[in-house]
Structure formats: structure tokens, C-alpha cells
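*Asks:* Just so it is clear, I am handing over final32.pdb, which has PDB, C-alpha atoms.
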MODEL        1
ATOM      1  CA  MET A 674       0.000   0.000   0.000
ATOM      2  CA  ILE A 675       2.858   2.403   0.781
ATOM      3  CA  GLU A 676       4.837   3.314  -2.327
ATOM      4  CA  GLY A 677       7.472   5.370  -0.568
ATOM      5  CA  ALA A 678       8.446   6.681   2.831
ATOM      6  CA  ILE A 679      10.536   9.490   4.242
ATOM      7  CA  ILE A 680      11.984   8.182   7.499
ATOM      8  CA  SER A 681      13.443  10.035  10.434
ATOM      9  CA  GLY A 682      17.091  10.085  11.320
ATOM     10  CA  ASP A 683      19.573  12.114  13.342
ATOM     11  CA  LEU A 684      22.028  13.627  10.890
ATOM     12  CA  THR A 685      24.163  15.016  13.712
ATOM     13  CA  GLN A 686      25.354  11.509  14.639
ATOM     14  CA  LYS A 687      28.535   9.887  13.343
ATOM     15  CA  GLU A 688      26.614   6.604  13.233
ATOM     16  CA  PHE A 689      24.097   8.064  10.754
ATOM     17  CA  LYS A 690      25.747   6.506   7.687
ATOM     18  CA  ALA A 691      25.530   2.999   9.131
ATOM     19  CA  TYR A 692      21.925   3.725  10.136
ATOM     20  CA  ILE A 693      20.816   4.881   6.691
ATOM     21  CA  ASP A 694      22.756   2.153   4.882
ATOM     22  CA  LYS A 695      20.353  -0.411   6.396
ATOM     23  CA  TYR A 696      17.294   1.386   5.016
ATOM     24  CA  ALA A 697      18.737   2.577   1.706
ATOM     25  CA  LYS A 698      18.575  -1.000   0.404
ATOM     26  CA  SER A 699      14.784  -0.710   0.187
ATOM     27  CA  ASP A 700      13.363   0.924  -2.938
ATOM     28  CA  ARG A 701      10.469   2.138  -0.764
ATOM     29  CA  ILE A 702      12.669   4.454   1.320
ATOM     30  CA  LYS A 703      12.950   7.800  -0.480
ATOM     31  CA  GLY A 704      14.694  10.056   2.014
ATOM     32  CA  ILE A 705      15.297  11.406   5.504
ATOM     33  CA  ARG A 706      13.649  14.073   7.585
ATOM     34  CA  GLN A 707      15.001  15.422  10.832
ATOM     35  CA  VAL A 708      12.434  17.770  12.331
ATOM     36  CA  LEU A 709      14.262  20.963  13.302
ATOM     37  CA  HIS A 710      11.298  23.292  13.750
ATOM     38  CA  VAL A 711      10.435  22.113  17.251
ATOM     39  CA  PRO A 712      11.451  24.046  20.387
ATOM     40  CA  SER A 713      13.851  21.293  21.448
ATOM     41  CA  ALA A 714      15.911  21.624  18.242
ATOM     42  CA  VAL A 715      19.073  23.684  18.703
ATOM     43  CA  ALA A 716      19.274  26.650  16.332
ATOM     44  CA  GLY A 717      21.851  26.155  13.596
ATOM     45  CA  THR A 718      21.794  22.345  13.757
ATOM     46  CA  CYS A 719      21.753  21.993   9.979
ATOM     47  CA  LEU A 720      25.003  23.987   9.760
ATOM     48  CA  LEU A 721      27.018  21.518  11.846
ATOM     49  CA  PRO A 722      29.838  19.871   9.828
ATOM     50  CA  GLU A 723      28.638  16.348  10.658
ATOM     51  CA  PHE A 724      25.107  17.265   9.595
ATOM     52  CA  ILE A 725      26.274  18.635   6.232
ATOM     53  CA  GLU A 726      28.490  15.617   5.634
ATOM     54  CA  ASN A 727      25.521  13.321   6.251
ATOM     55  CA  VAL A 728      23.260  15.328   3.942
ATOM     56  CA  LYS A 729      25.927  14.947   1.233
ATOM     57  CA  TYR A 730      26.008  11.207   1.919
ATOM     58  CA  LEU A 731      22.293  10.912   1.106
ATOM     59  CA  GLU A 732      23.037  11.688  -2.554
ATOM     60  CA  SER A 733      25.236   8.596  -2.825
ATOM     61  CA  LYS A 734      22.220   6.546  -1.712
ATOM     62  CA  ASP A 735      19.825   8.370  -4.083
ATOM     63  CA  LEU A 736      17.882   9.721  -1.119
ATOM     64  CA  VAL A 737      16.473  13.197  -0.519
ATOM     65  CA  PHE A 738      16.745  15.349   2.585
ATOM     66  CA  GLU A 739      13.556  17.020   3.781
ATOM     67  CA  GLY A 740      14.460  20.354   5.319
ATOM     68  CA  CYS A 741      11.976  20.986   8.095
ATOM     69  CA  VAL A 742      13.328  24.100   9.797
ATOM     70  CA  ARG A 743      11.907  27.092  11.617
ATOM     71  CA  ASN A 744      11.143  30.094   9.444
ATOM     72  CA  ALA A 745      13.951  32.084  11.070
ATOM     73  CA  GLU A 746      16.457  29.403  10.008
ATOM     74  CA  LEU A 747      15.634  29.293   6.288
ATOM     75  CA  GLY A 748      18.946  31.031   5.646
ATOM     76  CA  ASP A 749      20.706  28.146   7.411
ATOM     77  CA  LEU A 750      18.921  25.648   5.156
ATOM     78  CA  TYR A 751      20.060  27.670   2.142
ATOM     79  CA  GLU A 752      23.685  27.343   3.290
ATOM     80  CA  THR A 753      23.221  23.592   3.811
ATOM     81  CA  ALA A 754      21.662  23.160   0.368
ATOM     82  CA  LYS A 755      24.437  25.210  -1.216
ATOM     83  CA  ALA A 756      27.058  23.020   0.481
ATOM     84  CA  CYS A 757      25.305  19.848  -0.781
ATOM     85  CA  PRO A 758      24.605  20.607  -4.465
ATOM     86  CA  ASP A 759      24.191  16.959  -5.457
ATOM     87  CA  THR A 760      21.597  16.135  -2.786
ATOM     88  CA  THR A 761      17.952  16.972  -3.460
ATOM     89  CA  ILE A 762      16.602  19.111  -0.634
ATOM     90  CA  VAL A 763      12.853  19.357  -0.094
ATOM     91  CA  LEU A 764      11.820  22.579   1.644
ATOM     92  CA  ASN A 765       9.038  21.410   3.921
ATOM     93  CA  HIS A 766       5.864  23.417   4.472
ATOM     94  CA  MET A 767       7.102  26.402   2.437
ATOM     95  CA  GLY A 768       9.472  27.238   5.287
ATOM     96  CA  ILE A 769       6.892  27.143   8.092
ATOM     97  CA  VAL A 770       5.540  30.464   6.887
ATOM     98  CA  ASP A 771       2.759  32.342   8.691
ATOM     99  CA  PRO A 772       0.148  32.900   5.934
ATOM    100  CA  ASP A 773      -1.688  35.496   8.034
ATOM    101  CA  ILE A 774       1.338  37.813   7.919
ATOM    102  CA  ILE A 775       1.994  37.281   4.207
ATOM    103  CA  SER A 776      -1.613  38.151   3.303
ATOM    104  CA  VAL A 777      -2.126  41.182   5.568
ATOM    105  CA  GLN A 778      -2.948  44.298   3.513
ATOM    106  CA  THR A 779      -1.405  46.928   5.768
ATOM    107  CA  PRO A 780       1.403  45.180   7.643
ATOM    108  CA  SER A 781       3.113  46.594  10.689
ATOM    109  CA  GLU A 782       6.854  47.222  10.406
ATOM    110  CA  GLU A 783       7.553  43.887  12.124
ATOM    111  CA  GLU A 784       5.167  42.034   9.792
ATOM    112  CA  GLN A 785       6.709  43.695   6.761
ATOM    113  CA  GLN A 786      10.201  42.639   7.873
ATOM    114  CA  TYR A 787       8.983  39.069   8.409
ATOM    115  CA  LYS A 788       7.419  39.006   4.939
ATOM    116  CA  GLU A 789      10.507  40.451   3.238
ATOM    117  CA  ARG A 790      12.817  38.020   5.057
ATOM    118  CA  TRP A 791      10.662  35.027   4.071
ATOM    119  CA  ILE A 792      10.484  36.111   0.427
ATOM    120  CA  LEU A 793      14.246  36.709   0.349
ATOM    121  CA  ASN A 794      14.925  33.217   1.709
ATOM    122  CA  ILE A 795      12.404  31.588  -0.648
ATOM    123  CA  ARG A 796      14.111  33.365  -3.556
ATOM    124  CA  LYS A 797      17.562  32.236  -2.377
ATOM    125  CA  LEU A 798      16.471  28.633  -1.883
ATOM    126  CA  ALA A 799      14.714  28.611  -5.259
ATOM    127  CA  SER A 800      17.925  29.832  -6.912
ATOM    128  CA  LEU A 801      19.520  26.460  -6.095
ATOM    129  CA  SER A 802      18.621  23.763  -8.615
ATOM    130  CA  ASN A 803      18.782  21.025  -5.963
ATOM    131  CA  VAL A 804      15.977  22.541  -3.853
ATOM    132  CA  VAL A 805      12.269  21.863  -4.368
ATOM    133  CA  CYS A 806       9.352  23.174  -2.321
ATOM    134  CA  LYS A 807       6.548  21.282  -0.644
ATOM    135  CA  ILE A 808       3.305  23.271  -0.707
ATOM    136  CA  SER A 809       1.793  22.436   2.660
ATOM    137  CA  GLY A 810       1.743  23.239   6.329
ATOM    138  CA  LEU A 811      -0.070  26.558   6.164
ATOM    139  CA  ASN A 812      -1.547  27.027   9.615
ATOM    140  CA  PRO A 813      -3.646  30.185   9.800
ATOM    141  CA  LYS A 814      -4.450  31.195  13.341
ATOM    142  CA  GLY A 815      -8.021  32.358  12.784
ATOM    143  CA  GLU A 816     -10.554  32.649   9.988
ATOM    144  CA  TRP A 817      -9.063  31.821   6.613
ATOM    145  CA  SER A 818     -10.023  31.347   2.979
ATOM    146  CA  ALA A 819      -8.343  30.479  -0.291
ATOM    147  CA  GLU A 820      -7.794  34.221  -0.746
ATOM    148  CA  THR A 821      -5.866  34.570   2.534
ATOM    149  CA  LEU A 822      -3.659  31.555   1.726
ATOM    150  CA  LYS A 823      -3.125  32.519  -1.929
ATOM    151  CA  PRO A 824      -0.384  35.176  -1.475
ATOM    152  CA  ALA A 825       1.990  32.756   0.272
ATOM    153  CA  VAL A 826       1.271  29.874  -2.129
ATOM    154  CA  ASP A 827       1.688  32.160  -5.144
ATOM    155  CA  ILE A 828       5.080  33.389  -3.946
ATOM    156  CA  ALA A 829       6.334  29.815  -3.547
ATOM    157  CA  LEU A 830       4.939  28.810  -6.950
ATOM    158  CA  ASP A 831       6.322  31.896  -8.674
ATOM    159  CA  TYR A 832       9.855  31.479  -7.342
ATOM    160  CA  PHE A 833      10.165  27.707  -7.563
ATOM    161  CA  GLY A 834       8.163  27.324 -10.759
ATOM    162  CA  GLU A 835       5.545  24.695 -11.350
ATOM    163  CA  ASP A 836       8.069  21.889 -11.966
ATOM    164  CA  ARG A 837       9.861  22.256  -8.632
ATOM    165  CA  VAL A 838       6.933  22.137  -6.234
ATOM    166  CA  MET A 839       4.891  19.292  -4.815
ATOM    167  CA  PHE A 840       1.595  19.064  -3.027
ATOM    168  CA  ALA A 841       1.415  17.723   0.505
ATOM    169  CA  SER A 842      -1.693  17.251   2.602
ATOM    170  CA  ASN A 843       0.161  17.476   5.924
ATOM    171  CA  TYR A 844      -2.528  15.116   7.166
ATOM    172  CA  PRO A 845      -3.443  14.692   9.992
ATOM    173  CA  VAL A 846      -1.622  17.805  11.267
ATOM    174  CA  CYS A 847      -3.627  19.933   8.816
ATOM    175  CA  ASN A 848      -6.706  19.239  10.965
ATOM    176  CA  ILE A 849      -5.364  21.699  13.556
ATOM    177  CA  ALA A 850      -6.043  24.666  11.280
ATOM    178  CA  THR A 851      -7.579  23.785   7.911
ATOM    179  CA  GLY A 852      -8.744  20.188   7.571
ATOM    180  CA  LEU A 853      -7.888  17.904   4.675
ATOM    181  CA  SER A 854     -10.779  18.536   2.266
ATOM    182  CA  PRO A 855     -10.873  22.323   2.810
ATOM    183  CA  TRP A 856      -7.065  22.503   2.239
ATOM    184  CA  ILE A 857      -7.325  20.555  -1.022
ATOM    185  CA  GLU A 858     -10.286  22.671  -2.175
ATOM    186  CA  ALA A 859      -8.432  25.896  -1.312
ATOM    187  CA  LEU A 860      -5.333  24.806  -3.219
ATOM    188  CA  MET A 861      -7.425  23.860  -6.268
ATOM    189  CA  LYS A 862      -8.989  27.333  -6.170
ATOM    190  CA  ILE A 863      -5.630  29.071  -5.630
ATOM    191  CA  THR A 864      -4.059  27.310  -8.633
ATOM    192  CA  GLU A 865      -7.030  27.249 -11.020
ATOM    193  CA  GLY A 866      -5.750  30.303 -12.876
ATOM    194  CA  ARG A 867      -2.529  28.467 -13.702
ATOM    195  CA  GLY A 868      -4.323  26.003 -15.977
ATOM    196  CA  SER A 869      -5.362  22.382 -15.540
ATOM    197  CA  GLU A 870      -2.004  20.969 -16.655
TER     198      GLU A 870
ENDMDL
END
Render the structure in this file as C-alpha cells.

*Replies:*
Amino acid sequence: MIEGAIISGDLTQKEFKAYIDKYAKSDRIKGIRQVLHVPSAVAGTCLLPEFIENVKYLESKDLVFEGCVRNAELGDLYETAKACPDTTIVLNHMGIVDPDIISVQTPSEEEQQYKERWILNIRKLASLSNVVCKISGLNPKGEWSAETLKPAVDIALDYFGEDRVMFASNYPVCNIATGLSPWIEALMKITEGRGSE
């Protein structure tokens, strides 16, 4: 039933290569994700030399690395991706962006800085041919619609292009803010102007 899986792993460990070698033999294992957007994750983890070496190692196993970092550390992920040009990096959840801030019509100075920093990092990440973007993980805090999510999705689509993005449901986590069916319906509405293909 499962065609492919992204498994977890600790890329800061010297033993990581031996760990992933066991799983890389399966054609169902597609890559590794180490969740770095949680409070317990130390800032800058993906810049550690051991971490970068292990991300590079994934390419030799034809595996991807899913970059799941806090929004404030998108610049760190850019440096990691730049240091690992032969490894495909998947930017998870569009960089854990706050769609409410991206869509606000008259942003405060702090909101404007947040928006500009996110766009800058999306542009930098998109400039690297080994980085693709997962369209998912938008967690509005209050009332939302396709129109309030559209600005953030459009920015990701515009910078990465339609051939370097993928859809993700983020199910069941999406139920915290959007729900599965409403998220799919919103994304269909957001992208309808781009053509059925």
C-alpha cells in the first residue's frame, strides 16, 4: 500500500551513515527528515559539519533530505543546500511560513520585515537547482479562505516554478487549522488560474 516513505534520522550523529545504509537498500525508502522546527531543536543544527556531511552522503544513496526548519532558520537551510549541491533538498511546508502575515494588507513594520525576510529566503532557496518546495503546512491562526492563503502559495509557486513544487496534505496535522478537504479545495482554487495541466 505504501509506495514510498521518508523516514526520520539524526544527521548530527557519526553513526548516521551505518543507520541509513540499512534502510537505503529498500526501494520504498525515499529520504530522511530530521524535524528541526520544534522548540527542542538547537538553532543552527543543519550547519554543523557532521550534519552537512551526512546530507551529502544521502546523494550517494539516491535519497532526498527534507528540510523541516523554523522560518527564522531558512537562511541556514540555504547554506546547507548550497554546500550539498548533489543532494535533493525538499523545503518542507514552504518554510513554516505564517500565511496570516503574508496576506495582511497593511502590515506593521515587524510584519513587513517578516514578509521580506521570508520572500528573500524563498528566492535564495529557489535559486539552487537542488531545492524543491513542498506546498503544505499553512496554519492560519483564525478565519481563513483560499484568498488569505493565496499570497503565500503564489510566492512559492512563482519562485520555484511549477516543476519544482509538490503538493502535501500534511494530514493529519492539517486538521489543527484547515482540515484535509478544505485545504485541497483551497489549493485547487488558488491554482485554477494556472491552468489544468

*Asks:* List the residues selected by the PyMOL selection byres ((chain A and resi 789) around 12) in the file shown, writing them as a list in words.

*Replies:*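 Applying the PyMOL selection byres ((chain A and resi 789) around 12) to the structure shown produces Ala745, Val770, Ile774, Ile775, Pro780, Glu782, Glu783, Glu784, Gln785, Gln786, Tyr787, Lys788, Arg790, Trp791, Ile792, Leu793, Asn794, Ile795, Arg796, Ala825 and Ile828 of chain A.
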
*Asks:* Take the residues just selected and output them with C-alpha atoms as a PDB file, in the coordinates of the input.

*Replies:*
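Result written to out.pdb:
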ATOM      1  CA  ALA A 745      13.951  32.084  11.070  1.00  0.00           C
ATOM      2  CA  VAL A 770       5.540  30.464   6.887  1.00  0.00           C
ATOM      3  CA  ILE A 774       1.338  37.813   7.919  1.00  0.00           C
ATOM      4  CA  ILE A 775       1.994  37.281   4.207  1.00  0.00           C
ATOM      5  CA  PRO A 780       1.403  45.180   7.643  1.00  0.00           C
ATOM      6  CA  GLU A 782       6.854  47.222  10.406  1.00  0.00           C
ATOM      7  CA  GLU A 783       7.553  43.887  12.124  1.00  0.00           C
ATOM      8  CA  GLU A 784       5.167  42.034   9.792  1.00  0.00           C
ATOM      9  CA  GLN A 785       6.709  43.695   6.761  1.00  0.00           C
ATOM     10  CA  GLN A 786      10.201  42.639   7.873  1.00  0.00           C
ATOM     11  CA  TYR A 787       8.983  39.069   8.409  1.00  0.00           C
ATOM     12  CA  LYS A 788       7.419  39.006   4.939  1.00  0.00           C
ATOM     13  CA  ARG A 790      12.817  38.020   5.057  1.00  0.00           C
ATOM     14  CA  TRP A 791      10.662  35.027   4.071  1.00  0.00           C
ATOM     15  CA  ILE A 792      10.484  36.111   0.427  1.00  0.00           C
ATOM     16  CA  LEU A 793      14.246  36.709   0.349  1.00  0.00           C
ATOM     17  CA  ASN A 794      14.925  33.217   1.709  1.00  0.00           C
ATOM     18  CA  ILE A 795      12.404  31.588  -0.648  1.00  0.00           C
ATOM     19  CA  ARG A 796      14.111  33.365  -3.556  1.00  0.00           C
ATOM     20  CA  ALA A 825       1.990  32.756   0.272  1.00  0.00           C
ATOM     21  CA  ILE A 828       5.080  33.389  -3.946  1.00  0.00           C
TER      22      ILE A 828
END

*Asks:* Go through the shown structure with the PyMOL selection byres ((chain A and resi 706) around 12) and write out the matching residues as a ChimeraX atom specification.

*Replies:* /A:678-684,693,702-705,707-710,719,727-728,731,736-742,762-765

*Asks:* My list of candidates is A:Ile857, A:His766, A:Glu820, A:Val777. Which is closest to Val838 of chain A when distances are computed with only C-alpha atoms?

*Replies:*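 The closest residue to Val838 of chain A is A:His766.
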
*Asks:* Of the residues A:Asp735, A:Met861, A:Leu798, A:Pro772, which is the one nearest to Gly748 of chain A, using only C-alpha atoms?

*Replies:*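 Residue with the minimum atom-to-atom distance to Gly748 of chain A: A:Leu798.
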
*Asks:* Check the smallest atom-to-atom distance from each of A:Leu720, A:Asp771, A:Tyr730, A:Pro758 to Lys687 of chain A using all atoms listed in the file, then report the winner.

*Replies:*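 Closest to Lys687 of chain A of all the choices is A:Tyr730.
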